[in-house]
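Text of model-v4.txt, listed as compact mmCIF, C-alpha atoms:
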```
# COMPACT_ATOMS: atom_id res chain seq x y z
CA MET A 254 -47.57 40.82 -15.60
CA ASN A 255 -44.30 41.35 -17.51
CA CYS A 256 -41.32 39.07 -17.90
CA TYR A 257 -37.94 40.68 -17.12
CA LEU A 258 -34.32 39.64 -17.27
CA ALA A 259 -31.69 41.33 -15.09
CA THR A 260 -27.95 41.03 -15.74
CA PHE A 261 -25.25 41.70 -13.15
CA HIS A 262 -21.57 42.53 -12.96
CA THR A 263 -21.08 39.65 -10.52
CA HIS A 264 -22.57 36.25 -9.78
CA VAL A 265 -23.26 37.26 -6.18
CA GLY A 266 -25.27 40.24 -7.42
CA ALA A 267 -27.57 37.84 -9.27
CA LEU A 268 -27.77 35.56 -6.25
CA VAL A 269 -28.79 38.31 -3.82
CA SER A 270 -31.30 39.86 -6.24
CA ASN A 271 -32.85 36.48 -6.99
CA ARG A 272 -33.37 35.96 -3.28
CA SER A 273 -34.88 39.44 -2.79
CA LEU A 274 -37.29 38.98 -5.69
CA GLY A 275 -38.29 35.54 -4.43
CA THR A 276 -38.82 36.82 -0.89
CA ALA A 277 -41.12 39.50 -2.33
CA GLY A 278 -43.26 36.69 -3.75
CA LEU A 279 -42.25 37.03 -7.38
CA LYS A 280 -41.68 34.09 -9.71
CA THR A 281 -37.93 34.19 -10.35
CA ARG A 282 -35.01 32.00 -11.35
CA MET A 283 -31.29 32.29 -12.07
CA MET A 284 -29.87 31.23 -15.44
CA PRO A 285 -26.83 31.77 -17.68
CA VAL A 286 -26.87 35.13 -19.49
CA PRO A 287 -28.35 34.63 -23.01
CA ARG A 288 -25.62 34.78 -25.66
CA LYS A 289 -27.46 37.44 -27.63
CA LEU A 290 -27.11 39.82 -24.66
CA SER A 291 -23.47 39.29 -23.77
CA SER A 292 -20.27 37.45 -24.62
CA SER A 293 -19.67 36.96 -20.89
CA CYS A 294 -20.61 33.67 -19.26
CA GLY A 295 -22.17 35.20 -16.17
CA THR A 296 -25.50 34.54 -14.52
CA CYS A 297 -28.71 36.54 -14.74
CA VAL A 298 -32.16 36.56 -13.14
CA ARG A 299 -35.38 36.05 -15.05
CA TYR A 300 -38.50 37.12 -13.19
CA GLU A 301 -42.14 38.04 -13.61
CA ALA A 302 -43.48 41.30 -12.16
CA ASP A 303 -45.71 44.28 -12.96
CA GLN A 304 -42.72 46.65 -12.63
CA PRO A 305 -38.93 46.07 -13.02
CA ARG A 306 -38.60 46.28 -9.21
CA LEU A 307 -35.22 47.97 -9.22
CA ASP A 308 -35.67 48.52 -5.49
CA LEU A 309 -35.04 44.80 -4.95
CA MET A 310 -31.85 44.69 -7.00
CA ASP A 311 -28.27 44.30 -5.73
CA PRO A 312 -25.90 47.23 -6.38
CA ASP A 313 -24.02 45.04 -8.87
CA LEU A 314 -26.99 45.31 -11.26
CA GLU A 315 -25.83 45.88 -14.85
CA ALA A 316 -29.04 46.09 -16.90
CA VAL A 317 -32.70 45.08 -16.97
CA TYR A 318 -34.47 43.89 -20.09
CA ILE A 319 -38.16 43.36 -20.68
CA ILE A 320 -38.80 40.16 -22.63
CA SER A 321 -41.47 40.46 -25.32
CA ASP A 322 -43.81 37.62 -26.28
CA ASP A 323 -41.68 36.86 -29.35
CA GLY A 324 -38.56 36.48 -27.15
CA ARG A 325 -37.01 39.88 -27.93
CA TYR A 326 -35.00 41.63 -25.18
CA ASP A 327 -35.58 45.39 -24.86
CA ARG A 328 -33.24 47.16 -22.46
CA ILE A 329 -34.84 49.40 -19.86
CA ASP A 330 -32.97 52.50 -18.72
CA VAL A 331 -31.63 51.70 -15.30
CA THR A 332 -30.82 54.51 -12.93
CA ASP A 333 -28.22 53.69 -10.30
CA PRO A 334 -30.11 51.35 -7.98
CA SER A 335 -27.74 52.02 -5.10
CA MET B 524 -39.01 27.47 -20.59
CA THR B 525 -37.13 25.07 -22.85
CA LYS B 526 -33.37 25.17 -22.44
CA LYS B 527 -32.13 25.18 -26.00
CA ILE B 528 -28.74 23.84 -26.98
CA ASN B 529 -26.91 26.44 -29.05
CA TRP B 530 -25.71 24.83 -32.31
CA LEU B 531 -22.60 27.02 -32.27
CA VAL B 532 -21.42 25.34 -29.05
CA LEU B 533 -21.77 21.96 -30.76
CA VAL B 534 -19.86 23.25 -33.81
CA THR B 535 -17.12 24.59 -31.53
CA GLY B 536 -16.80 21.19 -29.85
CA LEU B 537 -16.69 19.47 -33.25
CA LEU B 538 -14.10 21.86 -34.70
CA THR B 539 -11.94 21.77 -31.57
CA GLY B 540 -11.97 17.98 -31.55
CA ALA B 541 -11.18 17.82 -35.27
CA ALA B 542 -8.39 20.39 -34.87
CA ALA B 543 -6.91 18.42 -31.97
CA ILE B 544 -6.80 15.26 -34.07
CA LEU B 545 -5.41 17.18 -37.07
CA LEU B 546 -2.68 18.91 -35.06
CA THR B 547 -1.60 15.61 -33.51
CA ALA B 548 -1.50 14.03 -36.97
CA PHE B 549 0.71 16.93 -38.11
CA GLY B 550 3.15 16.55 -35.24
CA ASN B 551 1.76 17.72 -31.89
CA PRO B 552 2.28 15.24 -29.01
CA ALA B 553 -0.20 12.38 -28.64
CA ASN B 554 -3.46 13.31 -26.90
CA MET B 555 -2.21 16.90 -26.94
CA GLY B 556 -3.64 18.49 -30.05
CA PHE B 557 -4.59 21.29 -27.72
CA CYS B 558 -3.62 21.83 -24.10
CA ILE B 559 -3.71 25.33 -22.70
CA ALA B 560 -1.70 24.45 -19.59
CA CYS B 561 0.95 22.47 -21.47
CA PHE B 562 1.28 25.07 -24.22
CA LEU B 563 1.60 27.99 -21.80
CA ARG B 564 4.19 25.90 -19.97
CA ASP B 565 6.06 25.36 -23.27
CA ILE B 566 5.98 29.10 -23.95
CA ALA B 567 7.32 29.79 -20.45
CA GLY B 568 10.18 27.45 -21.34
CA ALA B 569 10.75 28.99 -24.76
CA VAL B 570 11.27 32.42 -23.21
CA LYS B 571 13.56 30.90 -20.56
CA LEU B 572 11.30 31.37 -17.55
CA HIS B 573 12.12 27.74 -16.81
CA SER B 574 14.80 25.46 -18.16
CA ALA B 575 13.14 22.03 -18.35
CA PRO B 576 14.71 20.91 -21.65
CA VAL B 577 11.82 18.75 -22.88
CA VAL B 578 9.02 21.34 -22.61
CA GLN B 579 10.22 24.44 -24.43
CA TYR B 580 8.48 25.65 -27.59
CA LEU B 581 6.67 28.83 -28.56
CA ARG B 582 3.28 27.26 -29.24
CA PRO B 583 1.48 29.13 -32.04
CA GLU B 584 -1.80 27.63 -30.81
CA ILE B 585 -1.87 30.01 -27.83
CA ILE B 586 -1.19 32.99 -30.09
CA GLY B 587 -3.90 31.84 -32.49
CA LEU B 588 -6.53 31.28 -29.79
CA VAL B 589 -6.07 34.75 -28.32
CA LEU B 590 -5.92 36.52 -31.68
CA GLY B 591 -8.83 34.48 -33.10
CA SER B 592 -10.93 35.69 -30.20
CA THR B 593 -9.73 39.26 -30.70
CA ILE B 594 -10.55 39.24 -34.42
CA MET B 595 -14.03 37.78 -33.81
CA ALA B 596 -14.76 40.19 -30.95
CA VAL B 597 -13.65 43.24 -32.96
CA ALA B 598 -15.62 42.10 -36.01
CA THR B 599 -18.82 41.66 -34.00
CA GLY B 600 -18.46 44.75 -31.79
CA GLU B 601 -17.79 42.73 -28.64
CA PHE B 602 -14.21 43.86 -27.99
CA LYS B 603 -14.55 45.65 -24.66
CA ALA B 604 -11.78 46.93 -22.42
CA ARG B 605 -12.69 45.85 -18.89
CA ALA B 606 -10.57 45.16 -15.81
CA GLY B 607 -10.29 45.81 -12.09
CA SER B 608 -11.84 42.65 -10.66
CA SER B 609 -9.21 41.66 -8.07
CA PRO B 610 -6.31 41.32 -10.57
CA ALA B 611 -3.66 40.31 -8.02
CA THR B 612 -5.90 37.58 -6.63
CA ARG B 613 -6.59 36.36 -10.16
CA PHE B 614 -2.83 36.23 -10.83
CA ILE B 615 -2.37 33.96 -7.80
CA LEU B 616 -5.37 31.81 -8.74
CA GLY B 617 -4.02 31.48 -12.28
CA GLY B 618 -0.71 30.29 -10.87
CA PHE B 619 -2.28 27.60 -8.70
CA VAL B 620 -4.63 26.45 -11.46
CA MET B 621 -1.52 25.90 -13.56
CA ILE B 622 0.29 24.05 -10.75
CA GLY B 623 -2.72 21.73 -10.36
CA ALA B 624 -2.98 21.19 -14.12
CA LEU B 625 0.70 20.29 -14.40
CA VAL B 626 0.41 17.77 -11.57
CA PHE B 627 -2.35 16.07 -13.59
CA LEU B 628 -0.54 16.86 -16.87
CA GLY B 629 -3.24 18.78 -18.68
CA CYS B 630 -5.87 21.49 -18.56
CA PRO B 631 -9.60 20.65 -18.69
CA LEU B 632 -9.47 20.75 -22.50
CA ARG B 633 -6.63 18.23 -22.67
CA MET B 634 -8.40 16.16 -20.02
CA VAL B 635 -11.31 15.65 -22.45
CA ILE B 636 -8.88 15.04 -25.35
CA ARG B 637 -7.10 12.41 -23.22
CA MET B 638 -10.44 10.80 -22.41
CA GLY B 639 -11.18 10.61 -26.15
CA GLY B 640 -7.79 8.97 -26.62
CA GLY B 641 -8.70 6.16 -24.23
CA ASP B 642 -6.75 7.45 -21.22
CA LEU B 643 -8.65 6.23 -18.15
CA ASN B 644 -6.42 8.36 -15.88
CA ALA B 645 -8.17 11.39 -17.36
CA PHE B 646 -11.52 10.06 -16.14
CA VAL B 647 -10.08 10.19 -12.63
CA GLY B 648 -9.02 13.76 -13.43
CA LEU B 649 -12.60 14.51 -14.50
CA ALA B 650 -13.89 13.26 -11.15
CA GLY B 651 -11.44 15.57 -9.39
CA PHE B 652 -12.31 18.47 -11.67
CA PHE B 653 -16.02 17.98 -10.94
CA LEU B 654 -15.31 17.81 -7.21
CA GLY B 655 -13.32 21.04 -7.42
CA ILE B 656 -16.18 22.73 -9.24
CA LEU B 657 -18.60 21.63 -6.51
CA ILE B 658 -16.30 23.18 -3.89
CA GLY B 659 -16.16 26.40 -5.92
CA ILE B 660 -19.95 26.44 -6.27
CA PHE B 661 -20.25 25.97 -2.50
CA PHE B 662 -18.46 29.29 -2.03
CA LEU B 663 -20.31 30.99 -4.91
CA LYS B 664 -23.60 30.14 -3.19
CA ARG B 665 -22.30 31.69 0.03
CA GLY B 666 -21.52 35.00 -1.62
CA PHE B 667 -17.99 34.60 -3.01
CA SER B 668 -17.05 37.29 -5.51
CA LEU B 669 -13.87 38.83 -6.87
CA LYS B 670 -16.00 41.97 -7.30
CA ARG B 671 -16.98 43.65 -10.53
CA SER B 672 -14.81 44.84 -13.40
CA TYR B 673 -14.97 48.32 -14.90
CA GLU B 674 -14.50 49.92 -18.29
CA VAL B 675 -10.82 50.78 -18.70
CA ALA B 676 -8.48 52.24 -21.33
CA LYS B 677 -8.19 50.34 -24.61
CA SER B 678 -4.52 49.71 -23.91
CA GLU B 679 -5.53 47.34 -21.08
CA ALA B 680 -7.60 45.31 -23.54
CA ALA B 681 -4.84 45.29 -26.13
CA ALA B 682 -2.12 44.10 -23.73
CA LEU B 683 -2.34 40.33 -24.16
CA PRO B 684 -3.26 40.39 -27.88
CA GLY B 685 -0.33 42.79 -28.30
CA ILE B 686 2.04 40.44 -26.49
CA MET B 687 0.83 37.60 -28.73
CA ILE B 688 1.43 39.63 -31.90
CA ALA B 689 4.91 40.54 -30.64
CA LEU B 690 5.72 36.88 -29.91
CA LEU B 691 4.52 35.88 -33.39
CA VAL B 692 6.64 38.56 -35.08
CA LEU B 693 9.69 37.54 -33.04
CA LEU B 694 9.07 33.85 -33.76
CA ILE B 695 9.10 34.53 -37.48
CA ALA B 696 11.82 37.20 -37.55
CA VAL B 697 14.32 36.04 -34.91
CA PRO B 698 13.43 32.50 -33.79
CA SER B 699 16.94 32.08 -32.38
CA ILE B 700 16.05 34.15 -29.31
CA PHE B 701 13.73 31.36 -28.18
CA ILE B 702 14.63 27.95 -26.78
CA PHE B 703 13.20 24.94 -28.62
CA SER B 704 13.25 21.45 -27.14
CA GLU B 705 15.22 18.86 -29.09
CA SER B 706 13.47 15.92 -27.45
CA GLY B 707 10.32 15.24 -25.46
CA PRO B 708 6.87 16.81 -25.89
CA GLY B 709 8.30 20.26 -26.61
CA SER B 710 10.05 18.93 -29.71
CA LYS B 711 6.82 17.59 -31.15
CA HIS B 712 4.76 20.15 -32.97
CA ALA B 713 2.70 20.73 -36.07
CA PRO B 714 3.99 23.23 -38.67
CA LEU B 715 3.62 26.83 -37.51
CA LEU B 716 1.08 27.92 -40.11
CA ILE B 717 -1.18 24.90 -39.54
CA SER B 718 -1.10 25.39 -35.76
CA LEU B 719 -1.76 29.10 -36.09
CA ALA B 720 -4.59 28.72 -38.61
CA ALA B 721 -6.35 25.99 -36.62
CA ALA B 722 -6.11 28.01 -33.41
CA LEU B 723 -7.34 31.21 -35.07
CA VAL B 724 -10.50 29.36 -36.14
CA ILE B 725 -11.02 27.76 -32.72
CA GLY B 726 -10.37 31.09 -30.97
CA GLY B 727 -12.99 32.77 -33.14
CA VAL B 728 -15.72 30.16 -32.67
CA ALA B 729 -14.93 29.79 -28.96
CA GLN B 730 -15.43 33.54 -28.53
CA LYS B 731 -18.73 33.32 -30.35
CA SER B 732 -19.99 30.23 -28.51
CA ARG B 733 -18.48 30.97 -25.04
CA MET B 734 -17.48 27.30 -24.77
CA CYS B 735 -16.02 26.66 -21.32
CA MET B 736 -15.58 23.41 -19.43
CA VAL B 737 -15.93 25.12 -16.04
CA GLY B 738 -18.91 27.22 -17.10
CA GLY B 739 -20.45 24.07 -18.61
CA LEU B 740 -20.27 22.04 -15.42
CA ARG B 741 -21.21 25.05 -13.27
CA ASP B 742 -24.33 25.72 -15.37
CA ALA B 743 -25.24 22.02 -15.37
CA VAL B 744 -25.01 21.80 -11.57
CA MET B 745 -26.52 25.17 -10.67
CA PHE B 746 -29.17 25.63 -13.38
CA ARG B 747 -29.57 22.21 -15.04
CA ASP B 748 -28.44 24.00 -18.21
CA PHE B 749 -26.30 21.72 -20.40
CA ASN B 750 -25.63 24.15 -23.23
CA LEU B 751 -21.92 24.86 -22.67
CA LEU B 752 -21.27 21.30 -21.50
CA SER B 753 -22.70 19.91 -24.74
CA GLY B 754 -19.69 21.30 -26.61
CA PHE B 755 -17.34 19.15 -24.57
CA ALA B 756 -19.54 16.08 -25.09
CA VAL B 757 -19.20 16.63 -28.86
CA LEU B 758 -15.46 17.25 -28.43
CA PHE B 759 -15.05 13.93 -26.60
CA VAL B 760 -16.99 11.98 -29.25
CA THR B 761 -15.12 13.72 -32.09
CA VAL B 762 -11.71 12.93 -30.61
CA LEU B 763 -12.74 9.35 -29.83
CA LEU B 764 -14.03 8.76 -33.38
CA GLY B 765 -11.02 10.54 -34.88
CA ASN B 766 -8.62 8.31 -32.98
CA ILE B 767 -10.56 5.20 -33.99
CA ILE B 768 -10.63 6.22 -37.67
CA LEU B 769 -6.89 6.99 -37.68
CA GLY B 770 -6.11 3.69 -35.94
CA LYS B 771 -4.72 5.44 -32.86
CA PHE B 772 -7.28 4.05 -30.42
CA SER B 773 -6.41 0.85 -28.59
CA GLY B 774 -9.11 0.73 -25.95
CA PHE B 775 -9.44 2.40 -22.57
CA SER B 776 -6.57 1.87 -20.15
CA THR B 777 -4.59 3.55 -17.37
CA TYR B 778 -1.32 1.90 -18.47
CA LEU B 779 1.37 3.89 -20.29
CA GLN B 780 -0.89 6.57 -21.71
CA PRO B 781 0.76 9.39 -23.68
CA ILE B 782 2.21 12.11 -21.43
CA ALA B 783 0.24 10.87 -18.42
CA HIS B 784 0.80 9.03 -15.16
CA ALA B 785 -1.37 6.63 -13.19
CA SER B 786 -0.86 8.19 -9.76
CA GLN B 787 -4.61 8.44 -9.31
CA LEU B 788 -4.82 10.28 -6.00
CA TRP B 789 -2.76 13.11 -7.48
CA ASN B 790 -4.55 13.03 -10.82
CA LEU B 791 -7.68 13.57 -8.77
CA LEU B 792 -6.32 16.22 -6.37
CA GLY B 793 -4.50 18.13 -9.12
CA MET B 794 -7.76 18.55 -10.97
CA VAL B 795 -9.67 19.43 -7.79
CA LEU B 796 -7.29 22.39 -7.56
CA VAL B 797 -7.95 23.27 -11.22
CA GLY B 798 -11.74 22.99 -10.88
CA TRP B 799 -11.97 24.97 -7.65
CA GLY B 800 -9.60 27.71 -8.84
CA SER B 801 -11.31 27.97 -12.22
CA VAL B 802 -14.77 28.42 -10.66
CA LEU B 803 -13.39 31.25 -8.54
CA LEU B 804 -11.89 32.76 -11.71
CA GLY B 805 -15.15 32.27 -13.63
CA GLY B 806 -13.68 30.14 -16.41
CA CYS B 807 -11.26 27.40 -17.44
CA PRO B 808 -7.79 28.19 -18.90
CA LEU B 809 -9.17 28.11 -22.48
CA ARG B 810 -11.88 30.57 -21.50
CA GLN B 811 -9.30 32.86 -19.88
CA LEU B 812 -7.43 33.07 -23.20
CA ILE B 813 -10.65 33.84 -25.06
CA LEU B 814 -11.77 36.50 -22.56
CA ALA B 815 -8.30 38.09 -22.66
CA GLY B 816 -8.61 38.14 -26.45
CA GLU B 817 -11.89 40.04 -26.28
CA GLY B 818 -10.51 42.71 -23.96
CA SER B 819 -10.56 41.44 -20.38
CA GLY B 820 -7.52 42.78 -18.55
CA ASP B 821 -8.43 40.52 -15.62
CA SER B 822 -8.15 37.43 -17.80
CA ALA B 823 -4.89 38.74 -19.28
CA VAL B 824 -3.47 38.94 -15.76
CA THR B 825 -4.77 35.42 -15.08
CA VAL B 826 -2.96 34.11 -18.17
CA LEU B 827 0.25 35.79 -17.01
CA GLY B 828 -0.29 34.15 -13.62
CA MET B 829 -0.65 30.79 -15.35
CA ILE B 830 2.63 31.34 -17.24
CA VAL B 831 4.44 32.18 -13.99
CA GLY B 832 2.76 29.17 -12.32
CA ALA B 833 4.12 26.98 -15.12
CA ALA B 834 7.62 28.36 -14.61
CA ILE B 835 7.39 27.69 -10.87
CA ALA B 836 6.08 24.19 -11.52
CA HIS B 837 9.19 23.28 -13.51
CA ASN B 838 11.76 25.33 -11.60
CA TRP B 839 10.65 23.82 -8.30
CA GLY B 840 9.82 20.38 -9.63
CA THR B 841 6.12 20.33 -8.77
CA ALA B 842 4.92 19.09 -12.17
CA GLY B 843 3.99 15.44 -12.59
CA SER B 844 6.19 13.21 -14.72
CA ALA B 845 4.78 10.93 -17.38
CA ALA B 846 4.97 7.14 -17.35
CA SER B 847 7.45 5.85 -19.92
CA LEU B 848 8.93 2.73 -21.44
CA THR B 849 12.56 3.18 -22.50
CA ASP B 850 14.55 0.24 -23.84
CA GLY B 851 12.08 -2.13 -22.22
CA VAL B 852 12.35 -0.44 -18.81
CA TYR B 853 9.06 0.83 -17.46
CA SER B 854 8.92 3.99 -15.35
CA ALA B 855 5.61 4.75 -13.65
CA GLY B 856 6.19 8.50 -13.46
CA GLY B 857 3.89 10.30 -11.05
CA VAL B 858 4.09 13.22 -8.67
CA GLY B 859 7.04 13.96 -6.38
CA THR B 860 7.00 15.41 -2.87
CA HIS B 861 7.30 18.98 -4.16
CA GLY B 862 4.22 18.50 -6.33
CA LYS B 863 2.19 17.02 -3.48
CA VAL B 864 3.17 19.86 -1.14
CA ALA B 865 2.36 22.44 -3.83
CA VAL B 866 -1.16 21.00 -4.30
CA ILE B 867 -1.79 21.03 -0.53
CA ILE B 868 -0.53 24.63 -0.30
CA GLY B 869 -2.79 25.41 -3.25
CA PHE B 870 -5.82 24.10 -1.34
CA ALA B 871 -4.90 26.27 1.65
CA VAL B 872 -4.48 29.38 -0.52
CA LEU B 873 -7.75 28.75 -2.37
CA LEU B 874 -9.56 28.24 0.94
CA ILE B 875 -8.24 31.56 2.24
CA ILE B 876 -9.17 33.37 -1.00
CA SER B 877 -12.61 31.71 -1.01
CA VAL B 878 -13.40 32.74 2.57
CA ILE B 879 -11.90 36.24 2.46
CA ASN B 880 -13.85 37.12 -0.66
CA ILE B 881 -17.31 36.25 0.61
CA GLN B 882 -18.88 39.62 -0.10
CA ARG B 883 -22.41 39.26 1.26
CA SER B 884 -23.88 38.21 4.59
CA LYS B 885 -25.48 34.80 5.11
CA LYS B 886 -28.87 36.51 5.37
CA GLU B 887 -28.51 38.08 1.91
CA VAL B 888 -27.69 34.88 0.01
CA LYS B 889 -29.58 32.15 1.88
```

Exercise: express the given structure as structure tokens:
Amino acid sequence: MNCYLATFHTHVGALVSNRSLGTAGLKTRMMPVPRKLSSSCGTCVRYEADQPRLDLMDPDLEAVYIISDDGRYDRIDVTDPS
Amino acid sequence: MTKKINWLVLVTGLLTGAAAILLTAFGNPANMGFCIACFLRDIAGAVKLHSAPVVQYLRPEIIGLVLGSTIMAVATGEFKARAGSSPATRFILGGFVMIGALVFLGCPLRMVIRMGGGDLNAFVGLAGFFLGILIGIFFLKRGFSLKRSYEVAKSEAAALPGIMIALLVLLIAVPSIFIFSESGPGSKHAPLLISLAAALVIGGVAQKSRMCMVGGLRDAVMFRDFNLLSGFAVLFVTVLLGNIILGKFSGFSTYLQPIAHASQLWNLLGMVLVGWGSVLLGGCPLRQLILAGEGSGDSAVTVLGMIVGAAIAHNWGTAGSAASLTDGVYSAGGVGTHGKVAVIIGFAVLLIISVINIQRSKKEVK
């Protein structure tokens, strides 16, 4: 099981994706975007899954990061989820 | 997971509080070391967008905050040209946020500075501000969005910083083209270089820390994350201690507070308008300046909307008037009919914007 963090262009994008991930039975929660990832004060979704599950993401998805055990964020290439 | 408090947010709160005390000691109006709403209003007056004689001055603090953010963002590779997220709607929201702030007589930043100065009226404003944020969150949770921004030409990002540089050059080279108040709050100001230097520092650290009163309360309510809010807690304590140390603190009271009135219903409702509008915008007036400084064309348009809102507030007499004591005669000040009507219209406009911009179905967000 990996830990991921998804950022979005809009708050509603995070909201919808958080709901989709939760409905799929994944452990997920919304939170402010970590400062080291962005100077914006938007919201993101942190979730645990075997795969990034881009199929469950809102079209306003900006990026997905995999969080390593030491807390590092590594960006995953995201093809247009829409 | 532990929710860590970022030390930079605390430092930003400390420096902003210290700068507010310093700027007041050097000449800014009492409990107004910083006030984004008041200072944008003064600038609107200085460039003759309104003609209220007591609130006209080209505040270097606004210039410094924007350019401090720009310098920090460029230095750290975070200057990004983005725009296209409902700019016209943001302009209107900016205008109504300003109208609400000028009914209360202060932006969220000055609200906290007033609280630290012992002004109990500002605590009523805080209650209204919090209520407004809850209304905004209600719509956020139902799918409200002004839609995403996009990468745009660098000239979009440079627009507001460019305007600020132009105003600074004109202020130094040909100050006579501006109007400067000879009495009232607009006549009280710290020396230009001190104001500019203090604001450059605050603009830089605010860009780095993302300090935002609206974001702070939003994160606290929605995520139980108190990181951004902690900066304002430090700001309040710093201003309170600063006032006590300088002998300016005489207890908490609603009576005859500096540039404030005790019309509590309208203190409350004015700040409801500010809180609600700011949640829809995604940040308080200070945050809009900082985001504009780091390249957001949407925030630049919001700031221009706030300037126009300030001009309307004084041209049409919607701004609150401060309580005063002149030659032993007490005037309670307060909010006139125009101001009350403007706040009610503001609620109607915000409700329409909030409902129209719900972008997802109930099924998607519930």

Quiz prompt | CA of Leu643 in chain B to CA of Tyr778 in chain B, distance in Å rounded to a single decimal | solution =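 Value for the CA of Leu643 in chain B-CA of Tyr778 in chain B distance: 8.5 Å.
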
Fewer than 5 positions away in the same chain doesn't count, so skip those; otherwise give me all residues within 10 Å of Ser270 in chain A, counting all atoms listed in the file, as an mmCIF file with C-alpha atoms, in the frame of the given file.
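File around26.cif, as written:
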```
data_model
loop_
_atom_site.group_PDB
_atom_site.id
_atom_site.type_symbol
_atom_site.label_atom_id
_atom_site.label_comp_id
_atom_site.auth_asym_id
_atom_site.auth_seq_id
_atom_site.Cartn_x
_atom_site.Cartn_y
_atom_site.Cartn_z
ATOM 1 C CA ALA A 259 -31.690 41.330 -15.090
ATOM 2 C CA PHE A 261 -25.250 41.700 -13.150
ATOM 3 C CA VAL A 265 -23.260 37.260 -6.180
ATOM 4 C CA GLY A 275 -38.290 35.540 -4.430
ATOM 5 C CA THR A 276 -38.820 36.820 -0.890
ATOM 6 C CA THR A 281 -37.930 34.190 -10.350
ATOM 7 C CA MET A 283 -31.290 32.290 -12.070
ATOM 8 C CA CYS A 297 -28.710 36.540 -14.740
ATOM 9 C CA VAL A 298 -32.160 36.560 -13.140
ATOM 10 C CA LEU A 307 -35.220 47.970 -9.220
ATOM 11 C CA ASP A 308 -35.670 48.520 -5.490
ATOM 12 C CA LEU A 309 -35.040 44.800 -4.950
ATOM 13 C CA MET A 310 -31.850 44.690 -7.000
ATOM 14 C CA ASP A 311 -28.270 44.300 -5.730
ATOM 15 C CA PRO A 312 -25.900 47.230 -6.380
ATOM 16 C CA ASP A 313 -24.020 45.040 -8.870
ATOM 17 C CA LEU A 314 -26.990 45.310 -11.260
ATOM 18 C CA GLU B 887 -28.510 38.080 1.910
ATOM 19 C CA VAL B 888 -27.690 34.880 0.010
#
```

Exercise. Write out as a VMD selection string which residues come within 10 Å of Ile782 in chain B when counting only C-alpha atoms, dropping same-chain ones fewer than 4 positions away.
Key: chain B and resid 552 to 555 627 to 629 637 707 to 708 843 to 847 856

Self-check item: Distance of CA of Ile636 in chain B from CA of Ala834 in chain B, expressed in Å to one decimal place
Solution: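 A separation of 23.8 Å between them.
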
Quiz prompt | One-decimal distance in Å that lies between CA of Ile594 in chain B and CA of Ala682 in chain B | solution =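 Computed distance, CA of Ala682 in chain B to CA of Ile594 in chain B, equals 14.5 Å.
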
Practice problem: Could you list, as a ChimeraX atom specification, the residues of chain B having an atom within 8 Å of chain A when counting all atoms listed in the file? | Solution: /B:601,663-664,666-668,670-672,730-733,738,742,746,748,805,882-883,887-889

Quiz item: From the list B:Leu740, B:Leu694, B:Leu588, B:Val532, which residue is nearest Ala569 in chain B when using only C-alpha atoms?
Solution: B:Leu694

Exercise. Determine the nearest neighbour of Ala316 in chain A from the options A:Leu258, A:Ala277, A:Ala302, A:Val286, counting only C-alpha atoms.
Key: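 Closest candidate: A:Leu258.
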
Practice problem: Tell me which protein, DNA and RNA residues are within 12 Å of Ser321 in chain A, counting only C-alpha atoms, leaving out same-chain ones fewer than 5 positions away, and put them as a PyMOL selection string. | Solution: chain A and resi 254-258+301+326-328
